[in-house]
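First the structure, in the form of structure tokens, and then the observations on it.
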Amino acid sequence: MVSNDGKSSRFLARFLAWALPHSLLGQLSVVMVLGVLVTQLVGGLIWSAQLRSKAVTETTIEAQHLGHSAASAIRYFKSLPANYRPIMISQLREMGGTRFFVNTNNGPVKMQVIADNSLANIAAASALKALKEDLPFLSDFRLAFVQPEDLLVSDDGLKVSDLPDSWVQHILLIQPNPAPVLVIQTQLEPGKWLYLATLMPNPYFLESDSPLAPHRLILQGMSLAAILLLSILVVRWTTRPLAALSDAAEAFGKGETVPELPATGSREFIKTARAFSAMRERIKRYLEDRERLFVSISHDLRTPITRLKLRTELLDDDALRAEFHEDLDELDMMVKGALQSVKDSDIHENRTEVRLDALIERMIRDARMAGHDVAFVESGLTVMAKPLALKRAIGNLFDNAIFYGKKVEIAVSRSNNDAQGTDNIEIQIRDHGPGVPEEAFDTLFQPYLRLEHGRDQNAGGMGLGLGIARNIVQAHGGELLLANHPEGGLLATIVLPRT
């Protein structure tokens, strides 16, 4: 029974395999970008918490001082006779020099409170507390923050925008960037209400705890863009030599000339490039030594084999002479096969554009003349390959299909792998024979292998030649796939990169 943790881990692994890019550059870029974003997010949250704490502390202190100042103004106006208050208010408006806009009304003025805001609530609560401490004999206070465009200054509906600019321009911020106004109303006597309107010491205190303020967003965006750009450039600089190393390894595997890797970049890459160059030289020396060895062996063995063939002609016993000839022919074929297994998998020829239809038509023309049933439909496709080597690989598979099957079908098609971004050519050769036992698939690429059910049909053969065919296909950067066809027979598929 699989636990939920196991299922979640497998699901996460599959999701990451699907979501993450397949290239090292893409993967490192995603990791770097996510790392920067997470860091920015965590840093932003910490910064926001600190801003919030600082804003709350400053707002509380400022509101308390403002409450004490308002209490002094209220105490002063309460001490004046009721008929003197309008005169004093008129003088204050003419002279200026006060932080409060003052008015008297017969009742409380209706206030359109700004949307619920925690800092505004804290400021109002702190100011109210200071008022109650300084004016315990007054019990009815009404405090609220109002936007200037919604601010009423009298109980008859007069707005602050209807007042002369000289009355409020040094007290309230109406233009061009309005700031919220704190309105304090209290009842001095029955039917006599005092109206005070003022700004906080920091008029725009409601924005002080917001990390989403425009200037902060611009600063964070510029910082994030700079970090991401530098991260991607560093990742690209780091992975570019690895791409060059990958291209060099692929080209070397196909037998192409590989330029020397530049000894630049990080210390780890320089060491890897030097190790790759040394390995390439050792492999080249090994292949050259192996080829020279097999050429020498072939040359040395052909002479005694030829002498033995001449001597067998002197034998009087025809049956014995035939057996000797058969053994010597088989020995000669073994020598040639061994040499070809070394040389033919790495034929020294240039890659060129090969028209597959023409190559396959020439191959199957003789088979049709010999009475074999071969089905092939032209595809019009081409592939960049070594012509002789590719012909030998396809020929080995085609010969096996003729020997072991009653009918042969050849199909050439083009396939795209969007996930890996590859454009491939598939050459499928199917025979209508008995197929291959499942337990024999692991041994099909061994040299000189012949299946039991094919010994009678191909008694003089030297084997299937699948090892040579696979080596040629792999040298082209492709793959040879073998499988039993659902309707019978063996299906051999050569997958080659189109370019």
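All residue names refer to the structure tokens as shown: chains lettered A, B, ... in order, residues numbered from 1 in each chain, ligands numbered from 1 in order.
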
Discussion item. Residues within 8 Å of A:Asn103, please, as a VMD selection string. Count only C-alpha atoms; anything in the same chain fewer than 2 positions from it doesn't count.
Written reply: chain A and resid 86 89 101 105 153 to 154 194 to 196

Item to complete: Might you pull out every residue within 10 Å of A:Thr264, with only C-alpha atoms counted and same-chain residues fewer than 3 positions away left off, and present them as a list in words?
Response: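 Final neighbour list, sorted by chain and number: Pro241, Leu261, Arg267, Phe269, Ile270 and Ala273 of chain A.
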
Could you turn the residues from that selection into a file that holds N, CA and C atoms, as a PDB file, in the first residue's frame?
```
ATOM      1  N   PRO A 241      29.956  27.337 -22.114  1.00  0.00           N
ATOM      2  CA  PRO A 241      31.030  26.361 -22.352  1.00  0.00           C
ATOM      3  C   PRO A 241      30.548  24.918 -22.283  1.00  0.00           C
ATOM      4  N   LEU A 261      38.690  22.753 -27.741  1.00  0.00           N
ATOM      5  CA  LEU A 261      37.856  23.558 -26.858  1.00  0.00           C
ATOM      6  C   LEU A 261      38.685  24.690 -26.263  1.00  0.00           C
ATOM      7  N   ARG A 267      37.226  27.466 -13.620  1.00  0.00           N
ATOM      8  CA  ARG A 267      38.309  26.505 -13.416  1.00  0.00           C
ATOM      9  C   ARG A 267      37.823  25.081 -13.630  1.00  0.00           C
ATOM     10  N   PHE A 269      35.398  24.086 -15.651  1.00  0.00           N
ATOM     11  CA  PHE A 269      35.226  23.801 -17.070  1.00  0.00           C
ATOM     12  C   PHE A 269      36.569  23.594 -17.764  1.00  0.00           C
ATOM     13  N   ILE A 270      37.565  24.400 -17.405  1.00  0.00           N
ATOM     14  CA  ILE A 270      38.880  24.241 -18.024  1.00  0.00           C
ATOM     15  C   ILE A 270      39.423  22.849 -17.752  1.00  0.00           C
ATOM     16  N   ALA A 273      37.431  20.432 -19.928  1.00  0.00           N
ATOM     17  CA  ALA A 273      37.818  20.528 -21.338  1.00  0.00           C
ATOM     18  C   ALA A 273      39.151  19.842 -21.585  1.00  0.00           C
TER      19      ALA A 273
END
```

Worksheet item: Near A:Trp167, within 8 Å and counting only C-alpha atoms, which residues show up once chain neighbours fewer than 5 positions away are dropped, as number ranges by chain?
Response: A: 93-94, 96, 101

Written selection (C-alpha atoms) as a compact mmCIF listing (two decimals), in the first residue's frame:
```txt
# COMPACT_ATOMS: atom_id res chain seq x y z
CA ARG A 93 -9.35 83.20 9.69
CA GLU A 94 -8.11 86.69 8.80
CA GLY A 96 -3.99 82.78 10.21
CA PHE A 101 -9.89 75.24 10.90
```

Fill in: DSSP-assigned helix (DSSP H, G or I) members of stretch 157-381 of chain A, reported as JSON, numbers by chain
{"A": [160, 161, 162, 165, 166, 167, 168, 205, 206, 207, 214, 215, 216, 217, 218, 219, 220, 221, 222, 223, 224, 225, 226, 227, 228, 229, 230, 231, 232, 233, 234, 235, 236, 237, 238, 239, 240, 241, 242, 243, 244, 245, 246, 247, 248, 249, 250, 251, 252, 253, 267, 268, 269, 270, 271, 272, 273, 274, 275, 276, 277, 278, 279, 280, 281, 282, 283, 284, 285, 286, 287, 288, 289, 290, 291, 292, 293, 294, 295, 296, 297, 298, 299, 300, 301, 302, 303, 304, 305, 306, 307, 308, 309, 310, 311, 312, 318, 319, 320, 321, 322, 323, 324, 325, 326, 327, 328, 329, 330, 331, 332, 333, 334, 335, 336, 337, 338, 339, 340, 341, 342, 343, 344, 345, 346, 356, 357, 358, 359, 360, 361, 362, 363, 364, 365, 366, 367, 368, 369]}

Fill in: Residues near stretch 352-365 of chain A, cut-off 12 Å, only C-alpha atoms, skip fewer than 2 positions along chain, as an MDAnalysis selection string
chainID A and resid 349:350 367:399 401:402 408:414 425:429 476 496 498:499

Worksheet item: So how many Å separate atom CA of A:Asn416 and atom CA of A:Pro21, to one decimal?
Response: 18.0 Å

Practice prompt. Report as an NGL selection string: the residues of stretch 233-462 of chain A with a DSSP assignment of strand (DSSP E), based on the backbone of this structure.
Written response: :A and (352-355 or 373-376 or 382-385 or 407-417 or 422-431)

Item to complete: Please provide as JSON, numbers by chain all residues within 12 Å of A:Asp162, with the sequence filter that same-chain residues fewer than 6 positions apart are discarded (counting only C-alpha atoms).
Response: {"A": [148, 149, 150, 151, 152, 153, 154, 168, 174]}

Worksheet entry | Residue contacts of A:Ala120 (12 Å, only C-alpha atoms) excluding same-chain residues fewer than 2 positions away, as a ChimeraX atom specification | /A:55-56,59-60,62-63,113-118,122-127,143-147,180-183,200,203-209

Keeping only C-alpha atoms, take the residues you just selected and write them out as an mmCIF file, in the first residue's frame.
```cif
data_model
loop_
_atom_site.group_PDB
_atom_site.id
_atom_site.type_symbol
_atom_site.label_atom_id
_atom_site.label_comp_id
_atom_site.auth_asym_id
_atom_site.auth_seq_id
_atom_site.Cartn_x
_atom_site.Cartn_y
_atom_site.Cartn_z
ATOM 1 C CA ALA A 55 3.956 53.565 11.076
ATOM 2 C CA VAL A 56 1.781 52.428 13.984
ATOM 3 C CA THR A 59 0.941 57.530 14.130
ATOM 4 C CA THR A 60 0.059 56.817 17.768
ATOM 5 C CA GLU A 62 1.507 62.069 16.515
ATOM 6 C CA ALA A 63 -2.202 61.544 17.163
ATOM 7 C CA VAL A 113 -15.754 58.684 6.899
ATOM 8 C CA ILE A 114 -13.036 57.296 4.619
ATOM 9 C CA ALA A 115 -12.981 53.557 3.976
ATOM 10 C CA ASP A 116 -11.997 51.418 6.922
ATOM 11 C CA ASN A 117 -8.281 51.846 7.506
ATOM 12 C CA SER A 118 -6.383 50.436 10.464
ATOM 13 C CA ILE A 122 -5.451 53.915 15.501
ATOM 14 C CA ALA A 123 -4.935 57.672 15.013
ATOM 15 C CA ALA A 124 -8.566 58.473 15.870
ATOM 16 C CA ALA A 125 -8.452 56.259 18.970
ATOM 17 C CA SER A 126 -5.188 57.835 20.201
ATOM 18 C CA ALA A 127 -6.479 61.402 19.669
ATOM 19 C CA LEU A 143 -13.706 62.044 15.514
ATOM 20 C CA ALA A 144 -13.246 60.804 11.955
ATOM 21 C CA PHE A 145 -10.941 61.105 8.949
ATOM 22 C CA VAL A 146 -12.615 62.579 5.856
ATOM 23 C CA GLN A 147 -11.290 63.162 2.343
ATOM 24 C CA PRO A 180 -7.147 63.107 4.677
ATOM 25 C CA VAL A 181 -8.532 65.575 7.245
ATOM 26 C CA LEU A 182 -9.120 64.783 10.915
ATOM 27 C CA VAL A 183 -12.445 66.271 12.054
ATOM 28 C CA MET A 200 -1.847 64.915 10.865
ATOM 29 C CA PRO A 203 -0.453 64.373 6.120
ATOM 30 C CA TYR A 204 -0.010 61.211 4.029
ATOM 31 C CA PHE A 205 0.470 58.880 6.970
ATOM 32 C CA LEU A 206 -2.048 56.382 5.541
ATOM 33 C CA GLU A 207 0.501 55.488 2.844
ATOM 34 C CA SER A 208 3.473 55.183 5.170
ATOM 35 C CA ASP A 209 2.920 51.497 5.927
#
```

Discussion item. Using only C-alpha atoms for the distances, tell me which of A:Gln185, A:Ala73, A:Pro259, A:Leu230 is nearest to A:Asp247.
Written reply: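 Closest residue, counting only C-alpha atoms: A:Pro259.
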
Worksheet item: From the set A:Val436, A:Ala251, A:Gln446, A:His325, which residue has the shortest atom-to-atom contact distance to A:Ala483, counting only C-alpha atoms?
Response: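 With only C-alpha atoms as the atom set, the closest residue is A:Val436.
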
Fill in: Distance in Å - atom CA of A:Ala225 versus atom CA of A:Val30
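Value for the atom CA of A:Ala225-atom CA of A:Val30 distance: 14.3 Å.
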